[in-house]
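As structure tokens, the structure follows; a few thoughts come after it.
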Amino acid sequence: VILLGLLVLFAIISLSEASEECLDASEECFNQYIASAESLTKQEKFSEAEKYYALAFSFNHEVENYMMAVAWANRAWNIKNLGDLENAKRWNHKAIEYFEDPNLGYKYTQELSSLYNNEALFHRENGNHEKALRSFHDSIDYSFDDAESLLKDEYEEKDITILFNTGAEYFRTFQYVEAARYLDRAINISIDMGLSNGDIAKIYALKSEIEYERGKTEEAKSLIKKAKEIAKDITTEDSSLFAEIIRTNAKYLDSEQAEMNLKRAIDIYLNIFPERNIYRMRGYEKYGDFLNEQGRYLDADFNYNKAIENGLANTGFQNDWIVYPRIQAAKAKNFCDMGKIEDGLVLIEKVINKIEIKFFESEDSI
């Protein structure tokens with residue numbers, strides 16, 4: 001995630017204090033609510049943050065300027081994490097339109113880079129992987145002086161985030177060579193800048209996934225160990241980053257430890273995200289895979305159903321030709337493993353039809 005230049009202008013105050021002190025539609029009250037909302041978004045307290053955003057924008061104090069566009073962008077990201085992708089896209093596009101106004105002289109290239117990065121993430125969660133890649137490349141075009149070679153005079157932390165997100169999208173679409181190219185460039189920039197943050201931990205974790213898929217298990221273990229070391233220094237054990245790391249690391253552990261990691265990751269996601277969403281979906285899916293491997297087919301089926309239930313909270317989930325069929329295929333295999341061959345065959349036929357639609361119809365018709 002890239003939150004556009006969060007400028008917290010006021011001290012954080014509780015919702016009750018804000019209500020007592022700010023009951024008018026003044027610019028000062030608007031800014032106080034926005035500052036508190038943005039701070040809560042950074043803390044992954046998305047439901048609480050949305051209360052502040054809703055109050056701020058209920059004042060109808062919307063003068064189109066830089067700070068207002070930043071508020072639109074950050075609200076978009078917060079709403080996205082509550083699962084309302086269409087509304088998130090609307091707020092994000094509003095910010096893009098402001099910064100792309102020719103009357104501003106096209107000087108906000110870095111802001112637009114961040115906005116297109118976030119737009120790509122919205123497309124990803126809507127199952128539009130082609131559009132996601134286009135938006136990621138728009139983001140890179142705005143951010144880098146030489147987009148092809150991924151070079152610029154002076155790098156910023158967000159450049160690493162953009163490269164990570166782009167690499168992750170190539171990984172999701174099974175383009176491992178391209179994925180590694182963007183991830184390696186991100187790592188090199190981070191080393192040159194002396195940075196160690198959450199995105200860098202995720203980069204090493206994703207690199208470990210690539211090496212695992214290539215059959216290089218020992219190298220994969222080394223990379224996930226590096227990710228864990230970085231995460232340990234920068235985050236707490238109740239963060240989404242920590243959940244992602246322990247979920248990825250589970251495959252290298254014995255069954256008892258692996259199960260503890262997978263259940264812990266789900267608990268963290270449930271605590272951070274009160275609404276159904278893709279993070280919770282990923283947790284249930286991976287736990288379902290583990291339970292299937294252990295021969296605990298009924299428990300696996302329960303978790304696959306929970307994964308689908310959380311995925312369906314995103315309107316584009318069933319349009320996703322990668323994630324949705326993958327979970328359904330795992331569920332079909334689980335049916336066959338438990339002896340429900342007919343149910344498994346019916347489900348796998350649906351998966352095949354879904355993939356055929358992807359390759360025989362245009363994306364817009366999906």
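Labeling convention for the structure tokens: chains A, B, ... as they appear, residues from 1 per chain, ligands from 1 in order of appearance.
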
Inset, instruction - For stretch 244-248 of chain A, list every protein, DNA or RNA residue within 7 Å, evaluated using only C-alpha atoms, and leave out those in the same chain fewer than 4 positions away; present the list as a ChimeraX atom specification. - result: /A:205,228,240,261-262,265

Legend entry - Those of stretch 177-252 of chain A in DSSP helix (DSSP H, G or I), formatted as a PyMOL selection string: chain A and resi 177-193+198-213+217-234+240-252

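What separates atom CA of A:Ala231 from atom CA of A:Phe144 is a distance of 27.4 Å.
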
Residues of stretch 186-238 of chain A within 9 Å of stretch 170-182 of chain A: nearest atom pair and distance (Å, one decimal) for each, counting only C-alpha atoms, sorted by chain and number, as CSV?
residue,atom,partner,partner_atom,distance
A:Ala186,CA,A:Tyr182,CA,6.2
A:Ile187,CA,A:Tyr182,CA,8.7
A:Leu206,CA,A:Phe171,CA,8.4
A:Lys207,CA,A:Ala180,CA,7.1
A:Glu209,CA,A:Phe171,CA,9.0
A:Ile210,CA,A:Tyr176,CA,6.6
A:Glu213,CA,A:Tyr176,CA,9.0
A:Arg214,CA,A:Tyr176,CA,9.0

Inset, instruction - For each of A:Ser143, A:Asn271, A:Asn305, A:Asn126, take the minimum atom-to-atom distance to A:Lys158, counting only C-alpha atoms, then give the residue where this is smallest. - result: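 Result for the nearest residue to A:Lys158: A:Ser143.
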
Need to verify the contact set: stretch 120-124 of chain A, 8 Å, only C-alpha atoms, exclusion of same-chain residues closer than 6 positions in sequence. Can you return it as an mmCIF file with N, CA, C and O atoms, in the first residue's frame?
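Okay, out_0.cif is ready:
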data_model
loop_
_atom_site.group_PDB
_atom_site.id
_atom_site.type_symbol
_atom_site.label_atom_id
_atom_site.label_comp_id
_atom_site.auth_asym_id
_atom_site.auth_seq_id
_atom_site.Cartn_x
_atom_site.Cartn_y
_atom_site.Cartn_z
ATOM 1 N N LYS A 80 -11.048 0.318 0.617
ATOM 2 C CA LYS A 80 -10.622 -0.925 -0.027
ATOM 3 C C LYS A 80 -10.403 -2.013 1.007
ATOM 4 O O LYS A 80 -10.787 -3.174 0.818
ATOM 5 N N LEU A 85 -14.732 -2.385 -2.934
ATOM 6 C CA LEU A 85 -13.806 -2.029 -3.996
ATOM 7 C C LEU A 85 -14.351 -0.976 -4.944
ATOM 8 O O LEU A 85 -13.613 -0.100 -5.408
ATOM 9 N N ALA A 88 -14.099 2.325 -3.329
ATOM 10 C CA ALA A 88 -12.681 2.680 -3.237
ATOM 11 C C ALA A 88 -12.174 3.200 -4.579
ATOM 12 O O ALA A 88 -11.464 4.205 -4.646
ATOM 13 N N LYS A 89 -12.537 2.517 -5.661
ATOM 14 C CA LYS A 89 -12.113 2.950 -6.992
ATOM 15 C C LYS A 89 -12.651 4.338 -7.309
ATOM 16 O O LYS A 89 -11.966 5.145 -7.945
ATOM 17 N N LYS A 131 -5.601 -5.648 -16.338
ATOM 18 C CA LYS A 131 -5.732 -4.222 -16.010
ATOM 19 C C LYS A 131 -4.810 -3.842 -14.862
ATOM 20 O O LYS A 131 -4.260 -2.734 -14.823
ATOM 21 N N ALA A 132 -4.635 -4.756 -13.924
ATOM 22 C CA ALA A 132 -3.731 -4.496 -12.806
ATOM 23 C C ALA A 132 -2.311 -4.252 -13.316
ATOM 24 O O ALA A 132 -1.653 -3.281 -12.916
ATOM 25 N N LEU A 133 -1.841 -5.099 -14.209
ATOM 26 C CA LEU A 133 -0.490 -4.922 -14.744
ATOM 27 C C LEU A 133 -0.357 -3.612 -15.517
ATOM 28 O O LEU A 133 0.657 -2.925 -15.420
ATOM 29 N N ARG A 134 -1.401 -3.246 -16.273
ATOM 30 C CA ARG A 134 -1.344 -1.972 -17.009
ATOM 31 C C ARG A 134 -1.226 -0.802 -16.042
ATOM 32 O O ARG A 134 -0.455 0.135 -16.277
ATOM 33 N N SER A 135 -1.999 -0.846 -14.965
ATOM 34 C CA SER A 135 -1.949 0.255 -13.993
ATOM 35 C C SER A 135 -0.615 0.283 -13.248
ATOM 36 O O SER A 135 -0.083 1.356 -12.950
ATOM 37 N N PHE A 136 -0.059 -0.900 -12.952
ATOM 38 C CA PHE A 136 1.265 -0.922 -12.321
ATOM 39 C C PHE A 136 2.305 -0.294 -13.233
ATOM 40 O O PHE A 136 3.180 0.458 -12.788
ATOM 41 N N GLU A 169 2.313 -9.174 -8.932
ATOM 42 C CA GLU A 169 1.284 -9.429 -9.942
ATOM 43 C C GLU A 169 1.804 -10.387 -11.017
ATOM 44 O O GLU A 169 1.069 -11.267 -11.484
#

Inset, instruction - Excluding A:Phe99 and any residue of its chain fewer than 2 positions from it, enumerate the residues within 10 Å of it, using only C-alpha atoms, and give them as a PyMOL selection string. - result: chain A and resi 65-66+69-70+93-97+101-112+115

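Of the listed residues (A:Ala147, A:Trp321, A:Phe57, A:Ala168), A:Phe57 comes nearest to A:Gln32; the distances count only C-alpha atoms.
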
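Using only C-alpha atoms, the protein and nucleic acid residues lying no more than 12 Å from A:Asn188, apart from those fewer than 6 places from it along its own chain, are Leu150, Leu151, Tyr155, Asp159, Ile160, Leu163, Phe164, Ala180, Arg181, Tyr182, Gly194, Leu195, Ser196, Ile200, Ile203 and Tyr204 of chain A.
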
Using only all heavy atoms, please write the residues we just selected to a file, as a tab-separated table (two decimals), in the first residue's frame.
chain	number	residue	atom	x	y	z
A	150	LEU	N	14.11	0.73	-15.21
A	150	LEU	CA	13.75	0.95	-13.80
A	150	LEU	C	14.80	1.80	-13.10
A	150	LEU	O	15.26	1.49	-12.00
A	150	LEU	CB	13.57	-0.39	-13.08
A	150	LEU	CG	12.53	-1.34	-13.69
A	150	LEU	CD1	12.52	-2.67	-12.95
A	150	LEU	CD2	11.14	-0.72	-13.67
A	151	LEU	N	15.14	2.91	-13.77
A	151	LEU	CA	16.16	3.81	-13.25
A	151	LEU	C	15.59	5.21	-13.04
A	151	LEU	O	14.70	5.65	-13.76
A	151	LEU	CB	17.35	3.89	-14.21
A	151	LEU	CG	18.13	2.60	-14.47
A	151	LEU	CD1	19.13	2.81	-15.61
A	151	LEU	CD2	18.83	2.13	-13.21
A	155	TYR	N	15.88	7.78	-5.72
A	155	TYR	CA	14.85	6.80	-5.39
A	155	TYR	C	14.15	7.16	-4.08
A	155	TYR	O	14.71	7.83	-3.22
A	155	TYR	CB	15.45	5.40	-5.28
A	155	TYR	CG	16.04	4.91	-6.59
A	155	TYR	CD1	17.41	4.97	-6.81
A	155	TYR	CD2	15.22	4.43	-7.60
A	155	TYR	CE1	17.95	4.54	-8.02
A	155	TYR	CE2	15.74	4.00	-8.80
A	155	TYR	CZ	17.11	4.06	-9.01
A	155	TYR	OH	17.63	3.65	-10.21
A	159	ASP	N	9.07	3.68	-4.42
A	159	ASP	CA	9.52	2.99	-5.63
A	159	ASP	C	9.68	1.50	-5.35
A	159	ASP	O	9.36	0.65	-6.20
A	159	ASP	CB	10.85	3.57	-6.12
A	159	ASP	CG	10.73	5.03	-6.53
A	159	ASP	OD1	9.69	5.40	-7.11
A	159	ASP	OD2	11.67	5.80	-6.26
A	160	ILE	N	10.16	1.18	-4.16
A	160	ILE	CA	10.31	-0.22	-3.77
A	160	ILE	C	8.95	-0.88	-3.67
A	160	ILE	O	8.75	-2.03	-4.10
A	160	ILE	CB	11.07	-0.31	-2.43
A	160	ILE	CG1	12.50	0.23	-2.61
A	160	ILE	CG2	11.08	-1.74	-1.90
A	160	ILE	CD1	13.26	0.42	-1.32
A	163	LEU	N	7.57	-1.57	-7.19
A	163	LEU	CA	8.26	-2.70	-7.81
A	163	LEU	C	7.82	-4.02	-7.18
A	163	LEU	O	7.64	-5.03	-7.88
A	163	LEU	CB	9.78	-2.53	-7.67
A	163	LEU	CG	10.39	-1.38	-8.48
A	163	LEU	CD1	11.86	-1.19	-8.11
A	163	LEU	CD2	10.26	-1.63	-9.99
A	164	PHE	N	7.65	-4.01	-5.86
A	164	PHE	CA	7.17	-5.22	-5.19
A	164	PHE	C	5.77	-5.60	-5.68
A	164	PHE	O	5.52	-6.76	-6.02
A	164	PHE	CB	7.12	-5.00	-3.67
A	164	PHE	CG	6.24	-5.99	-2.95
A	164	PHE	CD1	6.56	-7.34	-2.93
A	164	PHE	CD2	5.07	-5.58	-2.34
A	164	PHE	CE1	5.74	-8.26	-2.29
A	164	PHE	CE2	4.24	-6.49	-1.70
A	164	PHE	CZ	4.58	-7.84	-1.68
A	180	ALA	N	10.68	-12.00	-10.76
A	180	ALA	CA	12.00	-11.91	-10.12
A	180	ALA	C	12.73	-10.64	-10.55
A	180	ALA	O	13.45	-10.03	-9.74
A	180	ALA	CB	12.82	-13.14	-10.48
A	181	ARG	N	12.52	-10.22	-11.80
A	181	ARG	CA	13.20	-8.99	-12.28
A	181	ARG	C	12.80	-7.78	-11.44
A	181	ARG	O	13.66	-7.00	-11.00
A	181	ARG	CB	12.84	-8.77	-13.75
A	181	ARG	CG	13.35	-7.44	-14.30
A	181	ARG	CD	13.01	-7.26	-15.77
A	181	ARG	NE	13.39	-5.94	-16.22
A	181	ARG	CZ	12.54	-4.99	-16.62
A	181	ARG	NH1	11.24	-5.23	-16.64
A	181	ARG	NH2	12.96	-3.83	-17.03
A	182	TYR	N	11.52	-7.62	-11.20
A	182	TYR	CA	11.05	-6.46	-10.43
A	182	TYR	C	11.41	-6.58	-8.95
A	182	TYR	O	11.78	-5.59	-8.31
A	182	TYR	CB	9.55	-6.28	-10.61
A	182	TYR	CG	9.18	-5.74	-11.98
A	182	TYR	CD1	8.88	-6.60	-13.03
A	182	TYR	CD2	9.19	-4.38	-12.23
A	182	TYR	CE1	8.58	-6.10	-14.30
A	182	TYR	CE2	8.89	-3.87	-13.49
A	182	TYR	CZ	8.59	-4.74	-14.52
A	182	TYR	OH	8.32	-4.25	-15.78
A	194	GLY	N	19.75	1.62	2.09
A	194	GLY	CA	19.90	1.21	3.49
A	194	GLY	C	18.57	1.04	4.19
A	194	GLY	O	18.45	1.31	5.39
A	195	LEU	N	17.55	0.59	3.46
A	195	LEU	CA	16.20	0.49	4.01
A	195	LEU	C	15.87	-0.92	4.47
A	195	LEU	O	16.35	-1.91	3.91
A	195	LEU	CB	15.17	0.91	2.95
A	195	LEU	CG	15.12	2.38	2.58
A	195	LEU	CD1	14.10	2.59	1.47
A	195	LEU	CD2	14.76	3.24	3.78
A	196	SER	N	15.04	-0.96	5.47
A	196	SER	CA	14.50	-2.24	5.95
A	196	SER	C	13.10	-1.97	6.47
A	196	SER	O	12.91	-1.39	7.55
A	196	SER	CB	15.39	-2.80	7.07
A	196	SER	OG	14.89	-4.03	7.53
A	200	ILE	N	9.95	-4.65	2.14
A	200	ILE	CA	11.17	-5.42	1.87
A	200	ILE	C	11.05	-6.82	2.46
A	200	ILE	O	11.47	-7.81	1.83
A	200	ILE	CB	12.40	-4.67	2.41
A	200	ILE	CG1	12.56	-3.35	1.64
A	200	ILE	CG2	13.65	-5.52	2.28
A	200	ILE	CD1	13.47	-2.36	2.29
A	203	ILE	N	9.00	-8.71	0.08
A	203	ILE	CA	9.75	-9.04	-1.13
A	203	ILE	C	10.54	-10.33	-0.93
A	203	ILE	O	10.51	-11.23	-1.77
A	203	ILE	CB	10.68	-7.88	-1.53
A	203	ILE	CG1	9.86	-6.69	-2.04
A	203	ILE	CG2	11.67	-8.33	-2.61
A	203	ILE	CD1	10.65	-5.41	-2.17
A	204	TYR	N	11.23	-10.42	0.20
A	204	TYR	CA	11.99	-11.65	0.47
A	204	TYR	C	11.05	-12.85	0.61
A	204	TYR	O	11.38	-13.96	0.16
A	204	TYR	CB	12.85	-11.48	1.72
A	204	TYR	CG	14.13	-10.70	1.46
A	204	TYR	CD1	14.28	-9.38	1.90
A	204	TYR	CD2	15.19	-11.29	0.79
A	204	TYR	CE1	15.45	-8.68	1.66
A	204	TYR	CE2	16.37	-10.59	0.54
A	204	TYR	CZ	16.49	-9.28	0.98
A	204	TYR	OH	17.65	-8.58	0.73

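Near A:Lys333, within 12 Å and counting only C-alpha atoms, sit Gly288, Asp289, Asn292, Glu293, Gly295, Tyr297, Ala300, Asp301, Tyr304, Arg326, Ile327, Gln328, Met338, Gly339, Lys340, Ile341, Glu342, Asp343, Gly344, Leu345, Val346, Leu347, Ile348, Glu349 and Val351 of chain A, not including residues fewer than 5 positions from it in the same chain.
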
Inset, instruction - Using only C-alpha atoms, find the one residue out of A:Ile278, A:Leu40, A:Leu298, A:Leu223 that sits nearest to A:Val323. - result: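 Once distances to A:Val323 are computed over only C-alpha atoms, the minimum belongs to A:Ile278.
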
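Distances from A:Asn353, A:Asn118, A:Ser149, A:Asn78 to A:Thr41 were compared using only C-alpha atoms, and the smallest one belongs to A:Asn78.
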
Legend entry - Point-to-point distance from atom CA of A:Lys306 to atom CA of A:Met281, Å rounded to tenths: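 We find that atom CA of A:Lys306 and atom CA of A:Met281 lie 7.1 Å from each other.
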